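Student: This is my_file_38.txt (compact mmCIF, C-alpha atoms).
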```txt
# COMPACT_ATOMS: atom_id res chain seq x y z
CA MET A 267 -7.47 -9.09 30.99
CA TRP A 268 -6.17 -10.57 27.77
CA LEU A 269 -3.95 -8.34 25.77
CA VAL A 270 -4.43 -9.71 22.30
CA ALA A 271 -3.89 -7.79 19.12
CA GLN A 272 -6.92 -7.87 16.85
CA PHE A 273 -6.17 -8.36 13.17
CA ARG A 274 -8.75 -7.31 10.60
CA LEU A 275 -8.76 -6.37 6.96
CA GLN A 276 -9.77 -2.92 5.78
CA GLY A 277 -10.50 -3.63 2.17
CA SER A 278 -8.30 -6.34 0.71
CA LYS A 279 -5.04 -4.43 0.77
CA VAL A 280 -4.85 -2.82 4.18
CA LEU A 281 -4.36 -4.64 7.45
CA ALA A 282 -5.76 -2.97 10.55
CA VAL A 283 -4.41 -4.11 13.91
CA ASP A 284 -6.04 -3.01 17.16
CA LEU A 285 -3.45 -2.85 19.90
CA MET A 286 -4.07 -2.51 23.59
CA GLY A 287 -0.61 -1.99 24.96
CA ASP A 288 0.73 -5.11 23.31
CA ALA A 289 3.07 -5.44 20.36
CA VAL A 290 3.18 -6.91 16.87
CA LYS A 291 6.05 -7.49 14.50
CA ALA A 292 5.70 -5.96 11.07
CA ARG A 293 7.75 -5.45 7.96
CA ASN A 294 9.93 -2.37 8.27
CA GLY A 295 8.25 0.75 6.96
CA SER A 296 4.91 -0.87 6.21
CA MET A 297 2.84 1.38 8.48
CA VAL A 298 0.57 3.65 6.46
CA ALA A 299 -1.43 5.25 9.25
CA TYR A 300 -2.30 4.93 12.90
CA SER A 301 -4.49 6.42 15.57
CA GLY A 302 -3.58 6.49 19.23
CA GLN A 303 -0.10 6.12 20.62
CA MET A 304 2.39 3.94 18.78
CA SER A 305 6.10 3.40 18.95
CA PHE A 306 8.20 1.79 16.24
CA LYS A 307 11.43 -0.02 16.92
CA LYS A 308 13.57 -1.88 14.48
CA LEU A 309 14.41 -5.39 15.55
CA SER A 310 17.84 -6.74 14.99
CA GLY A 311 18.44 -9.82 12.92
CA GLY A 312 15.15 -11.15 11.71
CA GLY A 313 14.16 -14.38 13.37
CA ASP A 314 14.15 -14.73 17.10
CA GLY A 315 17.26 -15.50 18.99
CA LEU A 316 20.88 -15.71 18.12
CA ARG A 317 20.48 -18.54 15.67
CA GLY A 318 17.98 -16.66 13.55
CA MET A 319 20.24 -13.68 13.53
CA VAL A 320 23.30 -15.60 12.50
CA THR A 321 21.55 -17.44 9.72
CA ARG A 322 20.18 -14.19 8.36
CA ARG A 323 23.61 -12.68 8.36
CA LEU A 324 25.14 -15.66 6.64
CA THR A 325 22.63 -15.80 3.87
CA GLY A 326 22.23 -12.11 3.39
CA GLU A 327 18.53 -12.72 3.35
CA GLN A 328 16.97 -9.68 4.81
CA MET A 329 13.58 -9.22 6.13
CA VAL A 330 13.84 -6.18 8.28
CA VAL A 331 11.28 -6.25 11.00
CA MET A 332 10.03 -3.58 13.33
CA GLU A 333 8.21 -3.93 16.56
CA VAL A 334 5.07 -1.85 16.82
CA LYS A 335 3.81 -1.27 20.31
CA GLY A 336 1.09 0.91 21.66
CA GLN A 337 -2.57 1.64 22.13
CA GLY A 338 -4.87 2.26 19.22
CA THR A 339 -5.23 1.06 15.67
CA CYS A 340 -2.33 0.70 13.30
CA TYR A 341 -2.77 0.26 9.54
CA PHE A 342 -0.26 -1.67 7.46
CA ALA A 343 0.07 -2.01 3.70
CA ASP A 344 2.85 -2.62 1.25
CA ARG A 345 3.03 -1.74 -2.44
CA ALA A 346 -0.71 -2.28 -2.88
CA THR A 347 -0.41 -6.04 -2.49
CA GLU A 348 -3.32 -8.12 -1.25
CA VAL A 349 -3.27 -9.11 2.41
CA ASN A 350 -4.25 -12.60 3.56
CA LEU A 351 -4.91 -13.41 7.19
CA VAL A 352 -3.70 -16.75 8.45
CA ARG A 353 -4.74 -18.04 11.87
CA LEU A 354 -2.26 -20.39 13.45
CA ASN A 355 -3.22 -22.78 16.20
CA GLY A 356 0.08 -24.33 17.05
CA GLU A 357 0.99 -25.31 13.51
CA THR A 358 3.84 -23.89 11.47
CA LEU A 359 3.56 -21.49 8.59
CA TYR A 360 6.41 -21.39 6.11
CA VAL A 361 6.42 -18.16 4.18
CA GLU A 362 8.75 -16.32 1.84
CA ALA A 363 10.36 -13.55 3.85
CA ASP A 364 9.28 -10.94 1.33
CA ASN A 365 5.65 -11.94 1.72
CA LEU A 366 5.35 -11.68 5.48
CA LEU A 367 3.65 -8.42 6.47
CA CYS A 368 2.84 -8.74 10.13
CA THR A 369 2.75 -11.29 12.95
CA GLU A 370 1.29 -11.30 16.40
CA ALA A 371 3.76 -11.09 19.26
CA THR A 372 2.69 -14.53 20.47
CA LEU A 373 4.07 -16.08 17.30
CA HIS A 374 7.61 -17.26 17.10
CA THR A 375 9.49 -16.51 13.90
CA GLY A 376 12.58 -18.30 12.71
CA THR A 377 14.24 -19.56 9.59
CA SER A 378 14.30 -22.90 7.91
CA PHE A 379 16.74 -24.18 5.35
CA THR A 380 15.17 -24.70 1.93
CA GLY A 381 18.09 -26.26 0.20
CA LEU A 382 20.39 -25.08 -2.46
CA HIS A 383 17.63 -25.13 -5.01
CA GLY A 384 16.31 -21.96 -3.50
CA MET A 385 19.04 -20.13 -5.31
CA THR A 386 17.85 -20.94 -8.77
CA SER A 387 14.26 -20.27 -7.91
CA GLY A 388 15.09 -16.85 -6.61
CA ASN A 389 13.39 -17.68 -3.36
CA GLY A 390 16.51 -17.64 -1.27
CA LEU A 391 18.09 -20.37 0.76
CA PHE A 392 15.96 -19.86 3.79
CA THR A 393 12.27 -19.50 4.34
CA THR A 394 10.72 -17.78 7.28
CA LYS A 395 9.05 -20.09 9.74
CA VAL A 396 6.20 -18.80 11.88
CA GLU A 397 5.00 -20.95 14.77
CA GLY A 398 2.59 -20.68 17.66
CA GLN A 399 -0.90 -19.39 18.30
CA GLY A 400 -2.11 -16.22 16.69
CA TRP A 401 -2.57 -14.23 13.54
CA ALA A 402 -0.13 -13.73 10.72
CA ALA A 403 -0.68 -11.51 7.69
CA VAL A 404 0.77 -12.72 4.41
CA MET A 405 1.02 -10.55 1.29
CA SER A 406 0.36 -11.69 -2.23
CA ASP A 407 0.57 -9.94 -5.56
CA GLY A 408 -3.07 -10.35 -6.52
CA PRO A 409 -5.59 -12.42 -4.52
CA ALA A 410 -4.01 -15.64 -3.31
CA ILE A 411 -5.55 -19.04 -3.85
CA ILE A 412 -5.21 -21.76 -1.26
CA LEU A 413 -4.57 -25.24 -2.63
CA ARG A 414 -4.99 -28.39 -0.56
CA VAL A 415 -2.41 -31.10 -0.80
CA SER A 416 -3.27 -34.56 0.47
CA GLN A 417 -1.67 -37.99 0.41
CA GLY A 418 -1.39 -39.26 -3.11
CA MET A 419 -2.22 -35.85 -4.54
CA PRO A 420 1.05 -33.96 -4.81
CA LEU A 421 1.03 -30.39 -6.05
CA ARG A 422 3.51 -28.61 -8.27
CA VAL A 423 3.86 -24.86 -8.04
CA ASP A 424 5.84 -22.29 -9.98
CA PRO A 425 8.53 -21.03 -7.58
CA GLY A 426 7.72 -17.46 -8.49
CA ALA A 427 4.07 -17.87 -7.59
CA TYR A 428 4.62 -19.73 -4.31
CA ILE A 429 4.15 -17.60 -1.23
CA ALA A 430 3.52 -19.82 1.78
CA HIS A 431 2.44 -23.21 3.06
CA THR A 432 1.22 -24.83 6.25
CA GLY A 433 0.94 -28.40 7.39
CA ASN A 434 3.01 -31.48 7.05
CA LEU A 435 4.52 -30.99 3.63
CA ASN A 436 7.76 -32.00 2.04
CA ARG A 437 8.95 -29.82 -0.72
CA ASN A 438 11.27 -30.78 -3.52
CA PHE A 439 12.48 -28.86 -6.46
CA LYS A 440 11.65 -30.53 -9.74
CA SER A 441 13.15 -29.74 -13.03
CA GLY A 442 10.67 -29.59 -15.80
CA ALA A 443 13.43 -28.87 -18.24
CA GLY A 444 13.46 -31.22 -21.14
CA PHE A 445 15.36 -31.74 -24.30
CA SER A 446 14.02 -28.62 -25.96
CA THR A 447 14.94 -26.33 -23.05
CA PHE A 448 18.58 -26.59 -24.02
CA PHE A 449 17.81 -25.35 -27.49
CA GLY A 450 16.15 -22.26 -26.15
CA GLU A 451 12.72 -23.62 -26.77
CA GLY A 452 11.75 -23.98 -23.14
CA GLY A 453 8.22 -23.49 -21.99
CA GLY A 454 9.27 -21.03 -19.30
CA GLU A 455 8.53 -23.58 -16.63
CA ALA A 456 11.91 -25.18 -16.11
CA VAL A 457 11.74 -25.33 -12.34
CA GLN A 458 8.82 -26.27 -10.16
CA ILE A 459 8.31 -26.92 -6.47
CA GLU A 460 6.59 -30.18 -5.67
CA PHE A 461 4.68 -30.50 -2.42
CA VAL A 462 3.99 -33.97 -1.02
CA GLY A 463 2.06 -34.73 2.14
CA ASP A 464 -0.85 -33.08 3.89
CA GLY A 465 -1.35 -29.36 4.02
CA LEU A 466 -2.23 -26.09 2.36
CA VAL A 467 -0.23 -24.11 -0.18
CA TYR A 468 -0.78 -20.39 -0.84
CA VAL A 469 -0.21 -19.35 -4.42
CA GLN A 470 -0.37 -15.85 -5.90
CA PRO A 471 -1.65 -15.07 -9.42
CA SER A 472 1.65 -13.48 -10.36
CA GLU A 473 5.24 -14.57 -10.72
CA ARG A 474 8.29 -13.07 -9.15
CA VAL A 475 11.29 -12.76 -11.39
CA THR A 476 13.14 -16.02 -11.05
CA ILE A 477 16.08 -17.43 -12.90
CA GLY A 478 14.09 -20.58 -13.54
CA GLY A 479 11.28 -18.61 -15.11
CA ASP A 480 13.43 -17.50 -17.99
CA VAL A 481 14.30 -20.90 -19.33
CA MET B 30 -22.69 15.74 -10.88
CA PRO B 31 -21.48 12.50 -9.42
CA PHE B 32 -18.97 10.40 -11.24
CA THR B 33 -19.89 6.79 -11.79
CA LYS B 34 -17.27 4.21 -10.96
CA LEU B 35 -17.05 1.66 -13.76
CA ASN B 36 -14.46 -0.39 -11.93
CA GLY B 37 -11.62 0.29 -9.53
CA LYS B 38 -9.65 2.19 -12.12
CA LEU B 39 -12.18 3.83 -14.44
CA ILE B 40 -14.83 6.46 -13.88
CA GLU B 41 -17.51 7.83 -16.12
CA ALA B 42 -18.69 11.44 -16.05
CA GLN B 43 -21.87 12.79 -17.60
CA VAL B 44 -21.33 16.11 -19.32
CA PHE B 45 -24.21 18.47 -20.05
CA PRO B 46 -24.13 21.81 -21.84
CA GLY B 47 -23.10 24.56 -19.46
CA GLN B 48 -21.54 22.17 -17.01
CA LYS B 49 -17.82 21.81 -17.15
CA VAL B 50 -15.65 19.04 -15.89
CA PHE B 51 -11.94 19.52 -15.35
CA SER B 52 -9.61 16.60 -15.76
CA GLN B 53 -5.94 15.85 -15.90
CA ARG B 54 -4.79 16.33 -19.45
CA GLY B 55 -4.68 13.10 -21.37
CA ALA B 56 -6.76 11.18 -18.85
CA MET B 57 -9.68 10.68 -21.22
CA ILE B 58 -10.03 7.04 -22.17
CA ALA B 59 -13.17 7.13 -24.28
CA TYR B 60 -16.22 9.27 -24.82
CA SER B 61 -19.55 9.26 -26.56
CA GLY B 62 -21.56 12.25 -27.69
CA GLN B 63 -20.41 15.74 -28.59
CA VAL B 64 -17.61 16.55 -26.21
CA THR B 65 -14.71 18.95 -26.60
CA PHE B 66 -11.44 18.93 -24.71
CA THR B 67 -9.62 22.22 -24.29
CA PRO B 68 -6.22 22.46 -22.67
CA ASN B 69 -6.23 24.81 -19.78
CA MET B 70 -3.17 27.01 -19.55
CA MET B 71 -4.18 28.39 -16.19
CA GLY B 72 -4.44 24.94 -14.76
CA GLY B 73 -8.09 25.25 -13.93
CA GLN B 74 -9.23 28.33 -12.12
CA GLY B 75 -7.98 30.46 -9.35
CA GLY B 76 -6.44 33.32 -11.24
CA VAL B 77 -2.88 34.41 -11.75
CA MET B 78 -1.77 34.09 -8.15
CA SER B 79 -2.82 30.53 -8.07
CA MET B 80 -0.99 29.90 -11.30
CA ILE B 81 2.20 31.46 -10.00
CA GLY B 82 1.83 29.40 -6.88
CA ARG B 83 1.60 26.28 -8.92
CA ARG B 84 4.60 27.20 -11.05
CA ILE B 85 6.76 27.80 -8.02
CA ALA B 86 5.59 24.63 -6.43
CA ASN B 87 6.29 22.71 -9.59
CA GLU B 88 2.76 21.53 -9.33
CA ASP B 89 1.52 22.68 -12.67
CA THR B 90 -0.18 19.46 -13.59
CA PRO B 91 -1.84 20.34 -16.87
CA LEU B 92 -5.58 20.28 -16.76
CA MET B 93 -8.12 20.32 -19.51
CA THR B 94 -11.68 21.50 -19.65
CA VAL B 95 -14.27 19.00 -20.79
CA GLU B 96 -17.44 20.51 -22.21
CA GLY B 97 -20.38 19.45 -24.35
CA GLN B 98 -22.94 16.73 -24.09
CA GLY B 99 -22.13 13.10 -23.58
CA ARG B 100 -20.37 10.59 -21.43
CA VAL B 101 -16.64 10.61 -20.83
CA MET B 102 -14.51 7.91 -19.30
CA PHE B 103 -11.40 8.81 -17.34
CA GLY B 104 -8.51 6.71 -16.10
CA HIS B 105 -4.79 7.22 -15.81
CA GLY B 106 -1.76 5.01 -15.52
CA GLY B 107 -3.69 2.06 -14.15
CA HIS B 108 -4.01 3.80 -10.81
CA ASN B 109 -6.91 3.09 -8.53
CA VAL B 110 -9.51 5.82 -8.59
CA HIS B 111 -11.46 6.98 -5.58
CA VAL B 112 -14.49 9.25 -5.89
CA ILE B 113 -15.06 11.78 -3.13
CA ASP B 114 -18.34 13.72 -2.97
CA LEU B 115 -18.01 17.16 -1.46
CA THR B 116 -20.97 18.80 0.18
CA GLY B 117 -19.79 22.32 0.80
CA ASP B 118 -16.59 21.34 2.53
CA THR B 119 -13.00 21.52 1.33
CA LEU B 120 -10.76 18.80 0.01
CA TYR B 121 -6.99 19.17 0.12
CA VAL B 122 -5.21 17.07 -2.47
CA GLU B 123 -2.04 17.21 -4.47
CA ALA B 124 -2.52 18.32 -8.05
CA ASP B 125 -0.92 15.25 -9.57
CA ARG B 126 -3.37 12.99 -7.80
CA LEU B 127 -6.38 14.78 -9.28
CA LEU B 128 -7.95 12.79 -12.08
CA ALA B 129 -11.10 14.83 -12.63
CA PHE B 130 -13.42 17.14 -10.76
CA ASP B 131 -16.66 18.99 -11.23
CA GLY B 132 -16.49 22.46 -12.75
CA THR B 133 -18.75 23.67 -9.95
CA LEU B 134 -15.93 23.27 -7.45
CA GLN B 135 -13.76 26.23 -6.55
CA GLN B 136 -10.13 25.45 -7.10
CA SER B 137 -7.29 27.23 -5.38
CA THR B 138 -3.79 26.58 -4.19
CA MET B 139 -2.86 26.66 -0.58
CA PHE B 140 0.58 27.51 0.68
CA MET B 141 1.33 24.67 3.06
CA GLY B 142 4.41 26.36 4.44
CA SER B 143 2.22 28.84 6.26
CA GLN B 144 0.96 26.04 8.42
CA GLY B 145 3.57 25.20 10.94
CA GLY B 146 6.28 27.61 9.92
CA VAL B 147 9.71 26.11 9.36
CA MET B 148 8.46 22.63 10.16
CA GLY B 149 5.90 23.08 7.43
CA MET B 150 8.66 23.76 4.93
CA VAL B 151 10.61 20.79 6.13
CA ARG B 152 7.52 18.67 5.83
CA GLY B 153 7.08 19.60 2.22
CA GLN B 154 10.63 18.60 1.46
CA VAL B 155 10.64 15.41 3.44
CA THR B 156 7.34 14.12 2.21
CA GLY B 157 7.90 15.20 -1.35
CA GLN B 158 4.53 16.83 -1.06
CA GLY B 159 5.58 20.25 -2.13
CA LEU B 160 4.72 23.48 -0.46
CA PHE B 161 1.46 23.98 -2.24
CA THR B 162 -1.62 21.85 -2.17
CA THR B 163 -4.66 22.11 -4.32
CA GLN B 164 -7.80 23.00 -2.50
CA LEU B 165 -11.27 22.20 -3.85
CA THR B 166 -14.35 23.70 -2.23
CA GLY B 167 -18.05 23.45 -2.92
CA GLN B 168 -20.62 20.92 -4.01
CA GLY B 169 -19.51 18.25 -6.41
CA SER B 170 -17.42 15.21 -7.04
CA VAL B 171 -13.68 14.73 -7.17
CA ALA B 172 -11.89 11.71 -8.54
CA VAL B 173 -8.47 11.17 -6.98
CA MET B 174 -5.88 8.60 -7.94
CA ALA B 175 -3.97 6.34 -5.62
CA HIS B 176 -1.69 3.37 -5.85
CA GLY B 177 -3.71 0.52 -4.45
CA GLY B 178 -7.09 0.94 -2.81
CA VAL B 179 -7.96 3.89 -0.63
CA ILE B 180 -9.19 3.68 2.94
CA GLU B 181 -10.97 6.51 4.71
CA LEU B 182 -10.09 7.23 8.30
CA PRO B 183 -12.19 9.69 10.30
CA ILE B 184 -10.36 12.34 12.33
CA THR B 185 -11.93 13.54 15.54
CA PRO B 186 -10.55 15.91 18.18
CA GLN B 187 -10.21 12.95 20.53
CA GLN B 188 -8.49 10.84 17.94
CA PRO B 189 -5.82 12.36 15.75
CA ILE B 190 -4.50 10.17 12.96
CA HIS B 191 -0.87 9.67 12.08
CA VAL B 192 -0.17 8.89 8.44
CA ASP B 193 2.93 7.77 6.62
CA PRO B 194 3.66 10.73 4.31
CA GLN B 195 4.14 8.41 1.36
CA ALA B 196 0.76 6.79 1.87
CA TYR B 197 -1.13 10.06 2.36
CA VAL B 198 -3.55 10.83 -0.49
CA ALA B 199 -5.87 13.65 0.56
CA HIS B 200 -7.84 15.04 3.45
CA ARG B 201 -10.97 17.08 4.00
CA GLY B 202 -12.55 19.10 6.76
CA GLN B 203 -11.12 21.29 9.51
CA VAL B 204 -7.82 19.58 9.88
CA GLN B 205 -4.47 20.76 11.13
CA ASN B 206 -1.57 18.85 9.79
CA LYS B 207 1.93 18.83 11.05
CA LEU B 208 4.96 16.72 10.50
CA SER B 209 5.89 14.82 13.58
CA SER B 210 9.20 13.13 13.67
CA ALA B 211 9.96 10.15 15.75
CA LEU B 212 13.65 10.46 15.03
CA GLY B 213 15.69 8.73 17.62
CA TRP B 214 19.27 7.72 17.99
CA ARG B 215 18.42 4.51 16.18
CA ASP B 216 17.69 6.39 12.98
CA MET B 217 21.01 8.18 13.20
CA ILE B 218 22.95 4.96 13.14
CA GLY B 219 20.86 3.44 10.39
CA ARG B 220 18.74 1.25 12.56
CA GLY B 221 15.53 3.13 12.06
CA SER B 222 12.19 1.43 11.77
CA GLY B 223 11.47 3.26 8.53
CA GLU B 224 8.78 5.29 10.24
CA ALA B 225 10.78 8.34 11.19
CA PHE B 226 8.41 10.94 9.79
CA GLN B 227 4.68 10.95 10.16
CA LEU B 228 1.97 13.42 9.27
CA GLU B 229 -0.14 14.14 12.27
CA LEU B 230 -3.67 15.16 11.35
CA SER B 231 -5.91 16.52 14.04
CA GLY B 232 -9.26 18.28 14.14
CA HIS B 233 -12.48 17.31 12.42
CA GLY B 234 -12.53 15.56 9.10
CA MET B 235 -11.40 12.62 7.10
CA VAL B 236 -8.09 11.45 5.71
CA TYR B 237 -7.64 9.25 2.65
CA VAL B 238 -4.79 6.77 2.80
CA GLN B 239 -3.57 4.48 0.05
CA ALA B 240 -2.52 0.87 0.50
CA SER B 241 0.99 1.53 -0.68
CA GLU B 242 3.99 3.67 0.06
CA GLU B 243 4.67 4.49 -3.55
CA LYS B 244 4.06 7.97 -4.83
CA LEU B 245 2.31 8.29 -8.15
```
When written as structure tokens, how does the structure in this file appear?
Tutor:
Amino acid sequence: MWLVAQFRLQGSKVLAVDLMGDAVKARNGSMVAYSGQMSFKKLSGGGDGLRGMVTRRLTGEQMVVMEVKGQGTCYFADRATEVNLVRLNGETLYVEADNLLCTEATLHTGTSFTGLHGMTSGNGLFTTKVEGQGWAAVMSDGPAIILRVSQGMPLRVDPGAYIAHTGNLNRNFKSGAGFSTFFGEGGGEAVQIEFVGDGLVYVQPSERVTIGGDV
Amino acid sequence: MPFTKLNGKLIEAQVFPGQKVFSQRGAMIAYSGQVTFTPNMMGGQGGVMSMIGRRIANEDTPLMTVEGQGRVMFGHGGHNVHVIDLTGDTLYVEADRLLAFDGTLQQSTMFMGSQGGVMGMVRGQVTGQGLFTTQLTGQGSVAVMAHGGVIELPITPQQPIHVDPQAYVAHRGQVQNKLSSALGWRDMIGRGSGEAFQLELSGHGMVYVQASEEKL
């Protein structure tokens, strides 16, 4: 018998996961209710393996994860943010650590280096990488829109509104700062992320506080 | 009479002569018709004992009586509003989550500490829920506030529900609630999963849970 966690949405802000003795990884403290038998265990580090742990430590980036194991239904929610389900079939999902709510145990999580630009955008140096087959739940402040990027059609996103992307995408930080920015007349869009390639980008209708957003 | 939901955060109540509505003071957004708003020193009904209870529990959320003829809109703090229709059963909710309720409902305060003894006291402290809970009984509607949407989870004797105390909004029916702690050595050394305390609700009824761990 297959032991596969079932992910479903209860409303748009609560994730319900049906467990049958298997486990999922979820953001620490995000359980709001459960029925049945559940156990919660904090996982060390963040990403799998020693490498993930070391990188987390180095960067101080913290996504504290707990393992939820048991039989029954567990409900997850965080600060009334919208929950988006993403089904992965072997591809890789890159997601801001703060926006990852829950992943199936079959998925492998790790970190990827974003580049130094991450610092100015407030997104951190590393992004969480989720790979494998299964469900992942991504949070967004307000309902997320999914934008397609294809060859010859690059996409620019406000770093504060970016939450995740899948597919074969290269991302570069672009400065939209012009002459007037230095005189304090900036448009508030000094930094943007440009995506080139083929894939999908998840964008939330809200902006995190970023350094770039102020200039 | 039932409240009409205008959107996720606003409700409208019809007021007729002789039918009161109680609401949290200051929660009126707009009204039409001849409606009066009277502050309620006693915090609704329930007599002196109930008032003392509320004072001790620091749960004296000021209420006002809404009377007259017209339509009144209620909303507060941008919180999501959930309307619960009671049909003779009892709803247990914290006073500060109450936005408005029908005057036909009997209001009283329940001493939560009596349920579960010392653990009940501890629960009140840990969950920030206080020792007293407002109890509404009868036929009518109640509008409760929550951060984020509200989901309803049925409780059956075969299936008790565990709720994060911070996400708990209200419950109704014949329900026992106790604080269960899953404190382990991990929590002692700061490696807890953040789910050390849970409210265990068992019996027959329904629990309302919000999509957030923020108190109002």
Student: Can you tell me which residues surround segment 358-360 of chain A at a distance of at most 6 Å, considering all atoms listed in the file, apart from same-chain residues fewer than 5 positions away, and format the answer as a list in words?
Tutor: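 These residues fall inside the cut-off: Thr394, Lys395, Val396, Glu397, Ala430, His431 and Thr432 of chain A.
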Student: Calculated over all atoms listed in the file, which of the candidates A:Lys279, A:Arg422, A:Arg293, A:Arg274 has the smallest distance to chain B?
Tutor: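 Among the listed residues, the smallest separation from chain B belongs to A:Lys279.
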Student: Chain B residues within 9 Å of chain A, counting all atoms listed in the file: which ones, as a PyMOL selection string?
Tutor: chain B and resi 176-180+182+184+188-197+211+215+220-225+227-228+238-243
Student: Around the point (3.4, -32.9, -4.5) in the file's coordinates, collect all residues with an atom within 6 Å, using all atoms listed in the file, and return them as a PyMOL selection string.
Tutor: chain A and resi 420-422+460-462
Student: Work out how far apart atom CA of Ser416 of chain A and atom CA of Tyr428 of chain A are and give it in Å to one decimal.
Tutor: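 Atom CA of Tyr428 of chain A lies 17.5 Å from atom CA of Ser416 of chain A.
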Student: Just give me the gap between atom CA of Asp288 of chain A and atom CA of Glu370 of chain A in Å, one decimal is fine.
Tutor: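 Value for the atom CA of Asp288 of chain A-atom CA of Glu370 of chain A distance: 9.3 Å.
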Student: Could you tell me how far atom CA of Gly202 of chain B sits from atom CA of Leu115 of chain B, in Å to one decimal place?
Tutor: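 Interatomic distance, atom CA of Leu115 of chain B to atom CA of Gly202 of chain B: 10.1 Å.
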Student: I want to know what sits within 7 Å of Ala199 of chain B, based on only C-alpha atoms, with residues of the same chain fewer than 3 positions away left out; could you give that as a ChimeraX atom specification?
Tutor: /B:121-122,236-237
Student: Which one is closest to Ile411 of chain A: A:Ala282, A:Val467, A:Val290, A:Val349? Count all atoms listed in the file.
Tutor: A:Val467
Student: Which residue, B:Leu128, B:Met139, B:Leu92, B:Thr162, has the smallest gap to Val110 of chain B when you use all atoms listed in the file?
Tutor: B:Leu128
Student: Applying 10 Å and only C-alpha atoms, which residues near Gln43 of chain B remain after dropping the ones on its own chain fewer than 4 positions away? List them as a PyMOL selection string.
Tutor: chain B and resi 30-33+48-50+60-61+97-102
